[in-house]
Amino acid sequence: MKAVVMAGGEGTRLRPMTTRRPKPLAPVLNKPIIEHILELLRASGITDVVLTVHFMADAIQGCLGDGHDFGMNLIYAVEDTPLGTAGSVKLAEPYLIDEPFLIVSGDALTDVDLNAAISFHTAANADATLILKEVTNPLDFGIVVTDHDGRIQRFLEKPSWGEVFSDRVNTGMYVLDPVVFSYMDKGRPYDWSQDIFPRMLQDGRRLMGHVMEGYWCDIGSLTQYREAQYEVLDRTTSLPLPPEIAEGVWVDETAVLSEDAVITSPVMIGRGVAIKSGAKVGPYAVIGDNSVVHADSVIERSVLWDNVHVGKGSRLSGCTVCSHTTIQSDCVLEEGCVVGDKCRLESGSRVRSGVKIWPDKHIQAGATVTMSLIWGHTWQGSLFGGLGVSGIANREISPEFATRLGSAYGAFLKPGSTVMTARDSGLAARMVKRAVIAGLLSVGCNVIDLRSAPLPIMRHSLGNSAAGGGIYVRLAPDDPSSILVEMLDGDGVYLSTTAERKVESLFFREDWRRVDAASIGKLEFSGRSVEQYSEDFLRHIDVDAIRGHRFKVAVDFAFSRVASVFGGILGRLGCDVVALNAFGDPSRTPERNVDRSRLLGDLSHTVRTLRANLGAMIERDGEWLTIVDNTGEVIEGDTLLLLMAVLVARTTERAGIAVPVSATSRMEGILALHGASVRRTKGDVRSVLAAAAQQRPDMEHPIAMAGDRYGGYSFPSFHNAFDAMYAVGRLMEALARTDLTVRAIAESLPDIHIVHERLKCPGEAKGRVMITATDEAAQSGLNMDQTDGVKIIDGEAWTLVVPDAAEPTVHILSEDVSLDAARVRVEEMVGILEPVVSEALNTAPASLNGRARGNEGSME
């Protein structure tokens, strides 16, 4: 059998290590990754190999040659332009057309039994066999769902925790029949998982999944790069190692070790290395060829490439140092930092944890390198959170950081694009926004700045402009000490996950264009955003109906700047308005339930005293709405969502209502009485708004409103954003048209009983929790909804299990005819899942200490 080794990737996630060499040539235990793969193929009896190459193809060809040194025959298929994982293999079709062939990745580390996979493929008479690996955290991989016989049923690329229905991931290794070439045209880009395999599955081809034993690591991050070498040194793999001179100590015979040097296993020391007197090397250290470690230096859990010089008294811990780098005396390299090729660190310098230094940099004596991550803060994992990029103001989100963030977003857009910016009224947001603008201008983007503006107004202006995107800066709603930077597309909607990953990649690679002085972007200020919003607001609402009703409204603006906008609009609608807390003061924005309760109590008292038709509290910079009815009763959360949906359904023909999968199950039956339909979405804001954006002329029930369980409402006919001001307008319009009061509508609705509990769960256990919940649903024989997590449906009662996207938490929600009945369902599911979490933590059951209860009747 012949094999194809995929070696065309750039390895951008491993920069700066891969700025001057392709990822397959990055050394693992002093040998390029791809050499480990070739040795595995040769050990499996495969010697005819085609290598697909693109990025720095010459470097790979120069390193491996024709394969004679490896006892193999190597042929190269060179991509002039990237053709994807499958399109590149199409180039090698003439060499592979006669019989099944094997595909392996040239930049992953594995000891997989290839012959077992080939035998499985042959016995199954498969058209394609995917080699799968069971992992605890599958979020960064493509999930493959198979039946009991191993036949593939479904693919999920880069799932969220709510989509983890299997722990088997695609390793990028396949055994394929030449029939796969019939699904491709030469010269066109194709991806196996996204293009070819789904089409083969649709055509009824036999796609099988073979679950491998042994070790596999795709080395997808700088941390994984180091940890993979620790694991091999620990003998947790069957990858071949050279002879030891002592237990766990591999030293080349040409290396020179001082008699009083301290070598702590496991450790690997390459050819021509010199370890001087008093130096301490190990544990888990790899020292590359021809490197020198001077007296009294300490190197632990670190990987040094070839020709690295470590000066006297320096300390390296958990870091990676690339080729031909000089580290002078008394330097400190902290955990997780990476130093690129041919850098020079002068005496006494320090590289902070997680910092990456690109090649050819000179660090002056005594300098502390923090890059733009000041105060030694470590940025690991995703740059983006639930709504954007957040961090402690002026520490994690510093001006330097914000400038880089603006540059990365600007580089993501087309050259010369226009970006709209705005902020809340706080000083921290002003500082950060100005730094973001500097970054945008530096990469050639033009900027239209709204200065200080509520978020709904900024979204509206953005959606009605020619700008290619927008950035809004504000204090984080859930943490007044933190800044939140929200990135929007040209329609005013949050960036897609794919777009966020591209911005993140640019940010960490610092790979953006710097324009010359004549091409720096232009900064303009917009002064008509409020006027445009107000006029458009009134065009999209029945002004005469509201004026005819002459509403008396009490509005608590919760110290936001919305008062200066909405007060005028209500006046033009003929409303008698009583305004509370109608001035901007971010420091007094309600942060806790006790703050909200006090404000809502004052609002309720005002409504009763003045005999107002309704009261409204507008929060989150104009995004969230809470209502007080004409009797002073507070209506919020699930009840308000159902009430708003009913009013929209009664006043809009064939209305579609988009709500989260966790909203009350009573929604469908009640709205159907008014000719409306419900579309369920994931629970996060971006998913709800994305559903509202999916409008087509042929839709039987176009989305008239999208809402969440926190008080966010979007009306796409006006603009697709959570907008509490417009939601109040539509509420008054519906009340005027139906001649009903809020209390009358609320009394016609059923009581909603939803219990929400949070189960502490580490990330490595979330996949097993999802699989357990899926199995429980299958065994119960009840209906299951996998829109977001696993929802087990029992008539109008249900239980939902959904992992938190950011926190080490699993949310368990249930609805039933009473709170007690819903609580029983939640406790039953907790009892099923707690042992799974405990097993992952290797502790006793977490019981109530490991659980955080949510408010019964609503989701916080």
# chains A, B, ... in the order shown; residues from 1 in each chain; ligands from 1
call {"tool": "select_by_dssp", "arguments": {"residues": "range 141-208 of chain A", "states": "alpha helix (DSSP H)", "output": "list in words"}}
result
Phe197, Pro198, Arg199, Met200, Leu201 and Gln202 of chain A
call {"tool": "residues_around", "arguments": {"residues": "Leu233 in chain A", "least_positions_apart": "2", "cutoff": "10 Å", "atoms": "only C-alpha atoms", "output": "MDAnalysis selection string"}}
result
chainID A and resid 29 227:231 235:237 239 241 248:250 265:268 283:286
call {"tool": "write_last_selection", "arguments": {"atoms": "C-alpha atoms", "output": "mmCIF file, in the first residue's frame"}}
result
data_model
loop_
_atom_site.group_PDB
_atom_site.id
_atom_site.type_symbol
_atom_site.label_atom_id
_atom_site.label_comp_id
_atom_site.auth_asym_id
_atom_site.auth_seq_id
_atom_site.Cartn_x
_atom_site.Cartn_y
_atom_site.Cartn_z
ATOM 1 C CA LEU A 29 12.963 15.132 20.630
ATOM 2 C CA GLU A 227 3.585 18.417 26.461
ATOM 3 C CA ALA A 228 3.869 15.940 23.585
ATOM 4 C CA GLN A 229 7.582 15.698 24.266
ATOM 5 C CA TYR A 230 6.998 15.250 27.993
ATOM 6 C CA GLU A 231 4.661 12.347 27.210
ATOM 7 C CA ARG A 235 7.190 6.429 27.889
ATOM 8 C CA THR A 236 3.426 6.851 27.603
ATOM 9 C CA THR A 237 3.830 6.174 23.883
ATOM 10 C CA LEU A 239 7.444 5.867 19.745
ATOM 11 C CA LEU A 241 13.716 6.213 21.492
ATOM 12 C CA GLY A 248 14.998 8.078 31.611
ATOM 13 C CA VAL A 249 18.220 9.763 30.425
ATOM 14 C CA TRP A 250 19.044 9.873 26.713
ATOM 15 C CA SER A 265 15.288 12.324 34.386
ATOM 16 C CA PRO A 266 13.541 12.302 32.072
ATOM 17 C CA VAL A 267 15.790 14.297 29.781
ATOM 18 C CA MET A 268 17.147 14.112 26.221
ATOM 19 C CA PRO A 283 13.215 16.977 34.529
ATOM 20 C CA TYR A 284 11.429 17.003 31.171
ATOM 21 C CA ALA A 285 14.115 18.893 29.293
ATOM 22 C CA VAL A 286 15.102 18.466 25.633
#
call {"tool": "residues_around", "arguments": {"residues": "Arg768 in chain A", "least_positions_apart": "4", "cutoff": "8 Å", "atoms": "only C-alpha atoms", "output": "mmCIF file with N, CA and C atoms, in the first residue's frame"}}
result
data_model
loop_
_atom_site.group_PDB
_atom_site.id
_atom_site.type_symbol
_atom_site.label_atom_id
_atom_site.label_comp_id
_atom_site.auth_asym_id
_atom_site.auth_seq_id
_atom_site.Cartn_x
_atom_site.Cartn_y
_atom_site.Cartn_z
ATOM 1 N N THR A 136 -10.954 13.502 25.693
ATOM 2 C CA THR A 136 -11.809 14.060 26.749
ATOM 3 C C THR A 136 -12.328 15.437 26.392
ATOM 4 N N ASP A 167 -17.285 11.319 21.695
ATOM 5 C CA ASP A 167 -15.935 11.724 22.077
ATOM 6 C C ASP A 167 -14.906 11.223 21.080
ATOM 7 N N THR A 772 -23.150 11.074 28.412
ATOM 8 C CA THR A 772 -24.011 10.437 29.408
ATOM 9 C C THR A 772 -25.447 10.932 29.289
ATOM 10 N N VAL A 836 -20.253 11.093 37.050
ATOM 11 C CA VAL A 836 -19.418 11.253 35.859
ATOM 12 C C VAL A 836 -18.380 12.341 36.099
#
call {"tool": "residues_around", "arguments": {"residues": "range 30-45 of chain A", "least_positions_apart": "4", "cutoff": "10 Å", "atoms": "only C-alpha atoms", "output": "number ranges by chain"}}
result
A: 1-3, 5-7, 23-26, 49, 60, 63-64, 67, 70-72, 74, 102, 104-116, 219, 239-240, 268-271, 286-289, 303-306
call {"tool": "residues_around", "arguments": {"residues": "Gln153 in chain A", "least_positions_apart": "4", "cutoff": "12 Å", "atoms": "only C-alpha atoms", "output": "NGL selection string"}}
result
:A and (143-149 or 165-166 or 197-198 or 200-202 or 204-209)
call {"tool": "closest_residue", "arguments": {"among": "A:Leu441, A:Leu731, A:Cys322, A:Ile483", "to": "Lys342 in chain A", "atoms": "only C-alpha atoms"}}
result
A:Cys322
call {"tool": "atom_distance", "arguments": {"atom1": "CA of Asp98 in chain A", "atom2": "CA of Ile196 in chain A"}}
result
19.7 Å
call {"tool": "residues_around", "arguments": {"residues": "Val436 in chain A", "least_positions_apart": "6", "cutoff": "7 Å", "atoms": "only C-alpha atoms", "output": "PyMOL selection string"}}
result
chain A and resi 402-403+405-406
call {"tool": "write_last_selection", "arguments": {"atoms": "C-alpha atoms", "output": "CSV table (one decimal), in the first residue's frame"}}
result
chain,number,residue,atom,x,y,z
A,402,ALA,CA,-6.4,47.5,22.6
A,403,THR,CA,-4.1,48.9,19.8
A,405,LEU,CA,-6.7,44.3,18.9
A,406,GLY,CA,-7.8,47.1,16.6
call {"tool": "atom_distance", "arguments": {"atom1": "CA of Val298 in chain A", "atom2": "CA of Asp360 in chain A"}}
result
24.0 Å
call {"tool": "closest_residue", "arguments": {"among": "A:Val211, A:Ala92, A:Val678, A:Leu176", "to": "Asn125 in chain A", "atoms": "only C-alpha atoms"}}
result
A:Leu176
call {"tool": "select_by_dssp", "arguments": {"residues": "range 626-753 of chain A", "states": "strand (DSSP E or B)", "output": "count of residues only"}}
result
25
call {"tool": "closest_atom_pairs", "arguments": {"of": "range 712-751 of chain A", "to": "range 531-539 of chain A", "cutoff": "9 Å", "atoms": "only C-alpha atoms", "output": "JSON lines"}}
result
{"residue": "A:Phe718", "atom": "CA", "partner": "A:Phe537", "partner_atom": "CA", "distance": 7.3}
{"residue": "A:Tyr726", "atom": "CA", "partner": "A:Phe537", "partner_atom": "CA", "distance": 7.1}
{"residue": "A:Gly729", "atom": "CA", "partner": "A:Phe537", "partner_atom": "CA", "distance": 8.7}
call {"tool": "atom_distance", "arguments": {"atom1": "CA of His719 in chain A", "atom2": "CA of Val553 in chain A"}}
result
23.9 Å
